[in-house]
>>> print(open('entry.cif').read())   # mmCIF, C-alpha atoms and all ligand atoms
data_run
#
loop_
_atom_site.label_atom_id
_atom_site.label_comp_id
_atom_site.auth_asym_id
_atom_site.auth_seq_id
_atom_site.Cartn_x
_atom_site.Cartn_y
_atom_site.Cartn_z
CA MET Y 91 0.07 1.77 31.77
CA LYS Y 92 -2.72 -0.67 32.63
CA PRO Y 93 -6.11 -0.98 30.94
CA ALA Y 94 -9.19 0.70 32.37
CA ARG Y 95 -11.48 -1.84 34.08
CA PHE Y 96 -13.62 -3.96 31.78
CA ALA Y 97 -15.83 -7.02 32.04
CA TYR Y 98 -14.54 -10.16 30.29
CA GLU Y 99 -16.50 -13.07 28.78
CA ARG Y 100 -15.51 -15.99 26.57
CA PRO Y 101 -18.52 -17.39 24.70
CA GLY Y 102 -18.20 -20.97 23.45
CA ASP Y 103 -20.28 -20.74 20.28
CA LEU Y 104 -20.97 -18.27 17.51
CA ALA Y 105 -24.74 -17.94 18.09
CA GLY Y 106 -24.09 -17.12 21.76
CA LEU Y 107 -21.45 -14.55 20.85
CA LEU Y 108 -23.68 -12.80 18.29
CA ALA Y 109 -26.60 -12.75 20.72
CA ARG Y 110 -24.37 -11.28 23.43
CA MET Y 111 -23.08 -8.62 21.02
CA ALA Y 112 -26.67 -7.69 20.14
CA THR Y 113 -27.80 -7.25 23.72
CA ALA Y 114 -24.69 -5.90 25.48
CA GLU Y 115 -24.95 -2.43 26.94
CA GLY Y 116 -22.04 0.00 26.65
CA SER Y 117 -19.03 -0.45 24.39
CA VAL Y 118 -17.90 -3.93 23.36
CA LYS Y 119 -14.60 -5.10 21.88
CA LEU Y 120 -13.88 -8.56 20.50
CA MET Y 121 -10.50 -10.07 21.32
CA ALA Y 122 -8.84 -12.52 18.92
CA GLY Y 123 -5.07 -12.94 19.48
CA GLY Y 124 -4.86 -9.68 21.41
CA GLN Y 125 -1.79 -8.61 19.41
CA SER Y 126 -3.23 -5.16 18.65
CA LEU Y 127 -6.04 -5.03 21.16
CA GLY Y 128 -3.71 -5.74 24.11
CA PRO Y 129 -1.48 -2.71 23.48
CA MET Y 130 -4.52 -0.54 22.67
CA LEU Y 131 -6.11 -1.48 26.01
CA ASN Y 132 -2.86 -0.89 27.91
CA LEU Y 133 -2.41 2.53 26.33
CA ARG Y 134 -6.10 3.28 26.97
CA LEU Y 135 -6.61 4.04 23.30
CA VAL Y 136 -9.76 1.92 23.73
CA GLU Y 137 -11.72 1.59 26.98
CA PRO Y 138 -14.49 -0.96 26.33
CA ASP Y 139 -17.01 -1.89 29.01
CA LEU Y 140 -16.94 -5.50 27.84
CA VAL Y 141 -14.27 -7.60 26.12
CA LEU Y 142 -15.63 -10.69 24.37
CA ASP Y 143 -12.83 -13.20 23.85
CA ILE Y 144 -13.64 -15.14 20.66
CA THR Y 145 -10.87 -17.75 20.91
CA GLY Y 146 -13.19 -20.41 22.34
CA ILE Y 147 -15.37 -20.61 19.20
CA PRO Y 148 -14.33 -23.59 17.04
CA GLU Y 149 -16.28 -22.41 13.97
CA LEU Y 150 -13.96 -19.41 13.67
CA ARG Y 151 -10.91 -21.68 13.29
CA ARG Y 152 -12.41 -23.60 10.38
CA ALA Y 153 -10.52 -23.69 7.08
CA ALA Y 154 -12.05 -25.29 4.01
CA ILE Y 155 -12.22 -25.24 0.25
CA GLU Y 156 -15.65 -24.45 -1.19
CA GLY Y 157 -15.67 -24.84 -4.96
CA ASP Y 158 -12.75 -22.74 -6.17
CA THR Y 159 -12.64 -20.60 -3.03
CA LEU Y 160 -10.53 -20.98 0.08
CA VAL Y 161 -12.52 -20.07 3.19
CA LEU Y 162 -10.48 -19.22 6.26
CA GLY Y 163 -12.16 -18.65 9.61
CA ALA Y 164 -11.38 -15.37 11.35
CA LEU Y 165 -9.19 -17.09 13.96
CA VAL Y 166 -6.81 -18.75 11.51
CA THR Y 167 -3.40 -17.44 12.54
CA HIS Y 168 -0.55 -16.16 10.40
CA ALA Y 169 1.48 -19.18 11.60
CA ASP Y 170 -1.29 -21.60 10.51
CA ILE Y 171 -0.91 -20.20 6.98
CA GLU Y 172 2.90 -20.00 7.10
CA ASP Y 173 3.16 -23.63 8.25
CA GLY Y 174 0.59 -24.98 5.78
CA ARG Y 175 -1.84 -26.16 8.48
CA VAL Y 176 -4.68 -24.81 6.35
CA PRO Y 177 -5.36 -25.58 2.66
CA ASP Y 178 -4.04 -23.25 -0.02
CA LEU Y 179 -5.32 -22.23 -3.44
CA THR Y 180 -2.70 -19.56 -4.09
CA GLY Y 181 0.31 -21.69 -4.98
CA GLY Y 182 2.12 -20.73 -1.76
CA ALA Y 183 1.61 -16.97 -2.20
CA MET Y 184 -0.23 -16.64 1.12
CA ALA Y 185 2.35 -18.67 3.04
CA ARG Y 186 5.09 -16.33 1.84
CA VAL Y 187 3.09 -13.25 2.90
CA ALA Y 188 2.41 -14.81 6.32
CA ALA Y 189 6.07 -15.67 6.91
CA ALA Y 190 7.06 -12.01 6.54
CA ILE Y 191 4.63 -10.69 9.16
CA ALA Y 192 6.28 -9.51 12.37
CA TYR Y 193 8.04 -12.20 14.45
CA ARG Y 194 7.08 -15.80 15.16
CA PRO Y 195 5.42 -15.11 18.56
CA VAL Y 196 3.19 -12.50 16.90
CA ARG Y 197 2.43 -14.89 14.04
CA ASN Y 198 1.50 -17.63 16.50
CA ARG Y 199 -1.27 -15.50 18.01
CA GLY Y 200 -2.14 -12.87 15.38
CA THR Y 201 -5.19 -13.80 13.29
CA ILE Y 202 -6.26 -13.08 9.75
CA GLY Y 203 -9.59 -11.68 11.00
CA GLY Y 204 -8.01 -9.45 13.64
CA SER Y 205 -5.55 -8.11 11.12
CA LEU Y 206 -8.27 -7.19 8.60
CA VAL Y 207 -10.60 -5.62 11.17
CA HIS Y 208 -7.77 -3.67 12.79
CA ALA Y 209 -6.98 -2.44 9.24
CA ASP Y 210 -3.59 -0.96 9.95
CA PRO Y 211 -2.73 0.51 6.54
CA ALA Y 212 0.75 -1.05 6.83
CA ALA Y 213 -0.59 -4.54 7.60
CA ASP Y 214 0.32 -7.24 5.13
CA TRP Y 215 -3.01 -9.05 4.75
CA VAL Y 216 -4.92 -5.86 4.00
CA THR Y 217 -2.91 -5.24 0.81
CA ALA Y 218 -2.11 -8.85 -0.14
CA LEU Y 219 -5.70 -10.07 0.13
CA ILE Y 220 -7.08 -7.09 -1.78
CA ALA Y 221 -4.65 -8.03 -4.57
CA LEU Y 222 -5.84 -11.64 -4.36
CA GLY Y 223 -9.46 -10.47 -4.74
CA ALA Y 224 -10.65 -11.67 -1.30
CA GLU Y 225 -14.06 -11.15 0.23
CA VAL Y 226 -14.96 -10.98 3.91
CA GLU Y 227 -17.93 -12.75 5.47
CA LEU Y 228 -19.61 -10.72 8.20
CA ALA Y 229 -22.19 -11.91 10.72
CA SER Y 230 -24.51 -10.36 13.28
CA ALA Y 231 -27.55 -11.62 15.19
CA SER Y 232 -29.67 -10.60 12.20
CA GLY Y 233 -27.78 -12.45 9.47
CA ARG Y 234 -24.73 -12.69 7.27
CA ARG Y 235 -23.37 -10.72 4.34
CA ARG Y 236 -20.30 -10.73 2.12
CA LEU Y 237 -18.25 -7.75 1.02
CA ALA Y 238 -15.22 -7.37 -1.24
CA LEU Y 239 -12.24 -6.66 1.00
CA GLU Y 240 -11.47 -3.43 -0.83
CA ALA Y 241 -14.97 -2.17 0.10
CA PHE Y 242 -14.62 -3.44 3.69
CA VAL Y 243 -11.42 -1.47 4.37
CA THR Y 244 -12.67 2.09 4.22
CA GLY Y 245 -9.57 3.86 5.55
CA ALA Y 246 -6.70 3.68 8.02
CA LEU Y 247 -7.96 1.65 11.01
CA ASP Y 248 -11.46 1.93 9.59
CA VAL Y 249 -13.73 -0.82 8.27
CA ALA Y 250 -17.36 -1.20 7.21
CA LEU Y 251 -18.56 -3.18 10.25
CA ALA Y 252 -22.05 -2.33 11.45
CA PRO Y 253 -22.82 -2.27 15.20
CA GLY Y 254 -23.18 -5.83 16.50
CA GLU Y 255 -21.41 -7.24 13.45
CA MET Y 256 -18.16 -9.22 13.29
CA LEU Y 257 -15.91 -10.82 10.70
CA VAL Y 258 -16.36 -14.59 10.66
CA ALA Y 259 -14.37 -15.66 7.60
CA VAL Y 260 -12.25 -14.56 4.67
CA ARG Y 261 -12.94 -15.99 1.20
CA ILE Y 262 -9.99 -16.14 -1.17
CA PRO Y 263 -10.50 -17.18 -4.81
CA ALA Y 264 -8.03 -19.66 -6.31
CA LEU Y 265 -5.22 -18.10 -8.30
CA PRO Y 266 -5.83 -19.29 -11.85
CA SER Y 267 -3.06 -21.46 -13.23
CA GLY Y 268 -0.44 -19.37 -15.02
CA THR Y 269 -1.02 -16.30 -12.87
CA ALA Y 270 2.11 -14.37 -11.95
CA TRP Y 271 2.23 -13.11 -8.37
CA GLY Y 272 4.58 -10.64 -6.78
CA TYR Y 273 4.54 -9.25 -3.27
CA VAL Y 274 7.20 -6.89 -1.97
CA LYS Y 275 7.18 -5.32 1.46
CA HIS Y 276 9.66 -2.58 2.20
CA CYS Y 277 10.58 -2.08 5.84
CA SER Y 278 13.72 -0.91 7.56
CA LYS Y 279 14.04 -4.04 9.74
CA ILE Y 280 12.77 -7.58 9.17
CA GLY Y 281 9.66 -8.16 11.28
CA GLU Y 282 8.46 -4.58 11.16
CA PHE Y 283 5.37 -3.11 9.63
CA ALA Y 284 5.95 -1.98 6.04
CA HIS Y 285 6.72 1.52 4.80
CA ALA Y 286 5.59 0.52 1.33
CA ILE Y 287 3.94 -2.57 -0.16
CA GLY Y 288 3.47 -3.58 -3.78
CA ALA Y 289 1.21 -6.56 -4.56
CA VAL Y 290 0.59 -7.68 -8.13
CA ARG Y 291 -1.49 -10.48 -9.60
CA ILE Y 292 -0.93 -10.70 -13.34
CA GLU Y 293 -2.66 -13.03 -15.80
CA PRO Y 294 -0.72 -12.54 -19.04
CA GLY Y 295 -2.90 -15.10 -20.87
CA ALA Y 296 -6.07 -13.15 -20.08
CA ALA Y 297 -4.36 -9.74 -20.50
CA ARG Y 298 -5.48 -8.85 -16.99
CA ALA Y 299 -3.72 -7.56 -13.90
CA ARG Y 300 -4.52 -6.37 -10.42
CA LEU Y 301 -1.99 -4.01 -8.88
CA VAL Y 302 -2.31 -2.78 -5.30
CA ILE Y 303 -0.19 -0.22 -3.48
CA GLY Y 304 -0.27 -0.49 0.30
CA ALA Y 305 1.21 0.97 3.46
CA ILE Y 306 -0.04 4.43 2.61
CA GLU Y 307 -1.92 6.55 5.10
CA ARG Y 308 -5.30 5.25 4.00
CA ALA Y 309 -6.83 2.16 2.45
CA PRO Y 310 -4.60 0.53 -0.20
CA LEU Y 311 -4.83 1.91 -3.71
CA VAL Y 312 -6.06 -0.46 -6.38
CA VAL Y 313 -4.92 0.53 -9.88
CA ALA Y 314 -8.22 0.66 -11.74
CA GLU Y 315 -6.75 0.70 -15.25
CA ALA Y 316 -3.80 -1.65 -14.83
CA ARG Y 317 -3.11 -1.68 -18.59
CA ASP Y 318 -2.07 1.97 -18.41
CA LEU Y 319 0.95 0.90 -16.32
CA PHE Y 320 2.06 -1.51 -19.05
CA GLY Y 321 1.94 0.77 -22.09
CA GLY Y 322 -1.66 -0.22 -22.87
CA ARG Y 323 -1.19 -3.99 -23.13
CA ILE Y 324 -0.62 -6.81 -20.64
CA GLY Y 325 1.16 -9.82 -22.10
CA PRO Y 326 3.97 -12.26 -21.31
CA ASP Y 327 6.48 -9.37 -21.61
CA PHE Y 328 4.71 -7.42 -18.84
CA ALA Y 329 7.90 -6.85 -16.82
CA GLU Y 330 9.66 -5.06 -19.69
CA ARG Y 331 6.54 -3.04 -20.40
CA PHE Y 332 6.08 -1.79 -16.82
CA ASP Y 333 6.01 2.01 -17.00
CA ALA Y 334 7.34 3.59 -13.79
CA ARG Y 335 6.37 7.06 -15.02
CA ALA Y 336 2.75 6.00 -15.47
CA ALA Y 337 2.80 4.49 -11.96
CA GLU Y 338 4.19 7.73 -10.56
CA ALA Y 339 1.47 9.71 -12.36
CA PHE Y 340 -1.17 7.34 -10.96
CA LEU Y 341 0.04 7.98 -7.41
CA ARG Y 342 0.20 11.74 -7.97
CA ASP Y 343 -3.35 11.75 -9.31
CA ALA Y 344 -4.43 9.66 -6.31
CA GLY Y 345 -3.22 12.47 -4.04
CA MET Y 346 0.27 11.29 -2.99
CA SER Y 347 1.94 14.70 -3.05
CA ASP Y 348 5.36 13.83 -1.57
CA PRO Y 349 7.76 12.97 -4.43
CA VAL Y 350 10.00 10.88 -2.14
CA ALA Y 351 7.04 8.77 -1.00
CA ARG Y 352 5.98 8.35 -4.65
CA HIS Y 353 9.49 7.25 -5.60
CA VAL Y 354 9.59 4.65 -2.81
CA HIS Y 355 6.15 3.25 -3.66
CA VAL Y 356 6.86 3.11 -7.41
CA THR Y 357 10.19 1.35 -6.75
CA VAL Y 358 8.50 -1.23 -4.52
CA LEU Y 359 5.74 -1.78 -7.08
CA ALA Y 360 8.33 -2.23 -9.84
CA ARG Y 361 10.10 -4.84 -7.67
CA ALA Y 362 6.83 -6.69 -7.18
CA VAL Y 363 6.29 -6.74 -10.96
CA ALA Y 364 9.87 -8.00 -11.47
CA GLN Y 365 9.32 -10.67 -8.81
CA ALA Y 366 6.12 -11.78 -10.57
CA ALA Y 367 8.05 -12.12 -13.83
CA SER Y 368 10.90 -14.09 -12.30
CA ALA Y 369 8.83 -16.49 -10.16
CA PRO Y 370 7.40 -19.52 -11.94
CA PRO Y 371 3.75 -18.86 -12.82
CA SER Y 372 1.39 -20.36 -10.26
CA ARG Y 373 0.31 -23.94 -10.70
CA THR Y 374 -2.36 -23.94 -8.05
CA ARG Y 375 -3.82 -27.28 -7.17
CA THR Y 376 -7.04 -28.07 -8.87
CA VAL Y 377 -10.02 -28.07 -6.58
CA SER Y 378 -10.33 -31.85 -6.66
CA GLU Y 379 -6.65 -32.25 -5.65
CA ALA Y 380 -7.09 -29.81 -2.78
CA ALA Y 381 -10.39 -31.02 -1.44
C1 LIG Y 401 5.31 -6.32 17.46
C2 LIG Y 401 4.26 -6.47 16.38
C3 LIG Y 401 4.65 -6.41 15.06
C4 LIG Y 401 3.68 -6.56 14.06
N1 LIG Y 401 4.10 -6.52 12.75
C5 LIG Y 401 3.19 -6.72 11.78
C6 LIG Y 401 3.60 -6.76 10.41
O1 LIG Y 401 4.76 -6.65 10.05
N2 LIG Y 401 2.62 -6.95 9.48
C7 LIG Y 401 1.30 -7.12 9.82
O2 LIG Y 401 0.48 -7.29 8.94
N3 LIG Y 401 0.91 -7.10 11.10
C8 LIG Y 401 1.82 -6.91 12.08
N4 LIG Y 401 1.40 -6.92 13.36
C9 LIG Y 401 -0.05 -7.12 13.64
C10 LIG Y 401 -0.38 -8.60 13.91
O3 LIG Y 401 0.02 -9.33 12.80
C11 LIG Y 401 -1.88 -8.93 14.15
O4 LIG Y 401 -2.46 -9.44 13.01
C12 LIG Y 401 -2.74 -7.79 14.47
O5 LIG Y 401 -2.14 -7.15 15.57
C13 LIG Y 401 -4.15 -8.26 14.86
O6 LIG Y 401 -4.01 -9.02 16.01
P1 LIG Y 401 -5.03 -10.10 16.50
O7 LIG Y 401 -5.39 -11.01 15.42
O8 LIG Y 401 -4.43 -10.67 17.74
O9 LIG Y 401 -6.35 -9.26 16.84
P2 LIG Y 401 -6.72 -8.48 18.18
O10 LIG Y 401 -5.55 -7.69 18.63
O11 LIG Y 401 -7.33 -9.39 19.15
O12 LIG Y 401 -7.86 -7.52 17.61
C14 LIG Y 401 -7.54 -6.44 16.75
C15 LIG Y 401 -8.80 -5.62 16.47
O13 LIG Y 401 -9.71 -6.37 15.69
C16 LIG Y 401 -10.94 -6.61 16.39
N5 LIG Y 401 -11.28 -7.98 16.05
C17 LIG Y 401 -10.48 -9.08 16.15
N6 LIG Y 401 -11.06 -10.13 15.56
C18 LIG Y 401 -12.28 -9.72 15.12
C19 LIG Y 401 -13.34 -10.35 14.40
N7 LIG Y 401 -13.27 -11.64 14.02
N8 LIG Y 401 -14.43 -9.61 14.09
C20 LIG Y 401 -14.51 -8.32 14.45
N9 LIG Y 401 -13.53 -7.66 15.13
C21 LIG Y 401 -12.42 -8.35 15.43
C22 LIG Y 401 -10.63 -6.36 17.85
O14 LIG Y 401 -11.78 -5.94 18.56
C23 LIG Y 401 -9.60 -5.26 17.75
O15 LIG Y 401 -10.22 -4.02 17.51
C24 LIG Y 401 2.33 -6.75 14.39
C25 LIG Y 401 1.93 -6.81 15.75
C26 LIG Y 401 2.88 -6.67 16.73
C27 LIG Y 401 2.43 -6.76 18.17
#
>>> encode(input="entry.cif", output="structure tokens")
Amino acid sequence: MKPARFAYERPGDLAGLLARMATAEGSVKLMAGGQSLGPMLNLRLVEPDLVLDITGIPELRRAAIEGDTLVLGALVTHADIEDGRVPDLTGGAMARVAAAIAYRPVRNRGTIGGSLVHADPAADWVTALIALGAEVELASASGRRRLALEAFVTGALDVALAPGEMLVAVRIPALPSGTAWGYVKHCSKIGEFAHAIGAVRIEPGAARARLVIGAIERAPLVVAEARDLFGGRIGPDFAERFDARAAEAFLRDAGMSDPVARHVHVTVLARAVAQAASAPPSRTRTVSEAA
């Protein structure tokens, strides 16, 4: 199938793009790498009047460290992260996530911003960056705002973008030194979207953990009381203390009614916890080293 007719423009700066978005009549779609938008246009799942190609805007490719936060422009590609062309404050955790997304041609064009706005529940960045505690920076002609990623992703293929608003950057806090990180993606073939994702960020020294279960039919689930999944205490022995039954109960209470799905997700989460325990704790660069 071919797309329905649409007008196409490629603004060269962010102010011009935002102004155009504010004044355009009819439906507008932004195009980043086109990896999801292209198929959606071809299948006529979307029929915008105007496509605004954002790839000519240098500001959206910017990657920088601000204090203890990594700021990646919306157009940073998965391959940029995989290849280390942008700075890192996660001790290589993001590069490993990027390398497992799809195939190299998709990673060359697919962007971090497009992935988050598309919000496929099985997408890697949606779950991984929620576990890393990322924020998104949104802009429109009337200003900018920041939102925690878990508040931005409101459901499957659904995000909290207002009309005329776009994602300009993703802000990822540094992983504190000594943090254990595990990310496991279960899929039947390498390069495919996941059937289950477990992402864990565990700080045994601070007795804190962030556990996220992704590739479910809605926004990823963040375990609010992570301690409950470790017998009430998070310490250096967290892997031995991981309680699969408590994880299963958490998923049941969250509305996952299919026992097979629960089993798969708990198994993947347990593997992520085991991976976190076996990998050396992160020794992220200090800000001065990275700057
Ligand atoms: C064969 C294949 C396999 C894939 N496998 C995986 C996988 O295993 N894991 C995974 O995570 N992903 C996977 N993907 C998705 C891919 O990684 C891309 O990240 C995703 O398709 C988004 O593509 P894009 O960046 O080119 O955005 P586009 O396709 O250009 O845009 C996607 C959507 O986001 C909107 N948009 C884009 N940028 C912005 C912005 N800055 N602000 C506001 N709206 C914006 C567009 O209007 C559109 O609605 C796969 C894709 C393909 C084609």
>>> residues_around(input="entry.cif", residues="region 219-224 of chain Y", least_positions_apart="4", cutoff="8 Å", atoms="all atoms listed in the file", output="PyMOL selection string")
chain Y and resi 215+238-240+260-263+265+289-291+300-302+312
>>> closest_residue(input="entry.cif", among="Y:Leu160, Y:Ile306, Y:Ala264, Y:Arg235", to="Asp348 (chain Y)", atoms="only C-alpha atoms")
Y:Ile306
>>> closest_residue(input="entry.cif", among="Y:Arg194, Y:Lys92, Y:Arg236, Y:Arg199", to="ligand LIG 401 (chain Y)", atoms="all atoms listed in the file")
Y:Arg199
>>> residues_near_ligand(input="entry.cif", ligand="ligand LIG 401 (chain Y)", cutoff="7 Å", atoms="all atoms listed in the file", output="PyMOL selection string")
chain Y and resi 119-128+164-165+190-193+196-197+199-205+207-208+212-215+256-258+281-284
>>> atom_distance(input="entry.cif", atom1="CA of Val249 (chain Y)", atom2="CA of Glu225 (chain Y)")
13.1 Å
>>> atom_distance(input="entry.cif", atom1="CA of Ser368 (chain Y)", atom2="CA of His355 (chain Y)")
19.9 Å
>>> closest_residue(input="entry.cif", among="Y:Ala360, Y:Ala339, Y:Leu133, Y:Ala369", to="Gly181 (chain Y)", atoms="all atoms listed in the file")
Y:Ala369
>>> atom_distance(input="entry.cif", atom1="CA of Ile292 (chain Y)", atom2="CA of Arg361 (chain Y)")
13.7 Å
>>> closest_residue(input="entry.cif", among="Y:Leu341, Y:Asp333, Y:Glu156, Y:Cys277", to="Val313 (chain Y)", atoms="only C-alpha atoms")
Y:Leu341
>>> residues_near_point(input="entry.cif", point="(4.8, -12.3, -12.9)", cutoff="9 Å", atoms="all atoms listed in the file", output="list in words")
Thr269, Ala270, Trp271, Gly272, Val290, Arg291, Ile292, Glu293, Pro294, Pro326, Phe328, Ala329, Ala362, Val363, Ala364, Gln365, Ala366, Ala367, Ser368, Ala369, Pro370 and Pro371 of chain Y
>>> closest_residue(input="entry.cif", among="Y:Leu107, Y:Val166, Y:Ala259, Y:Ile144", to="Glu227 (chain Y)", atoms="only C-alpha atoms")
Y:Ala259
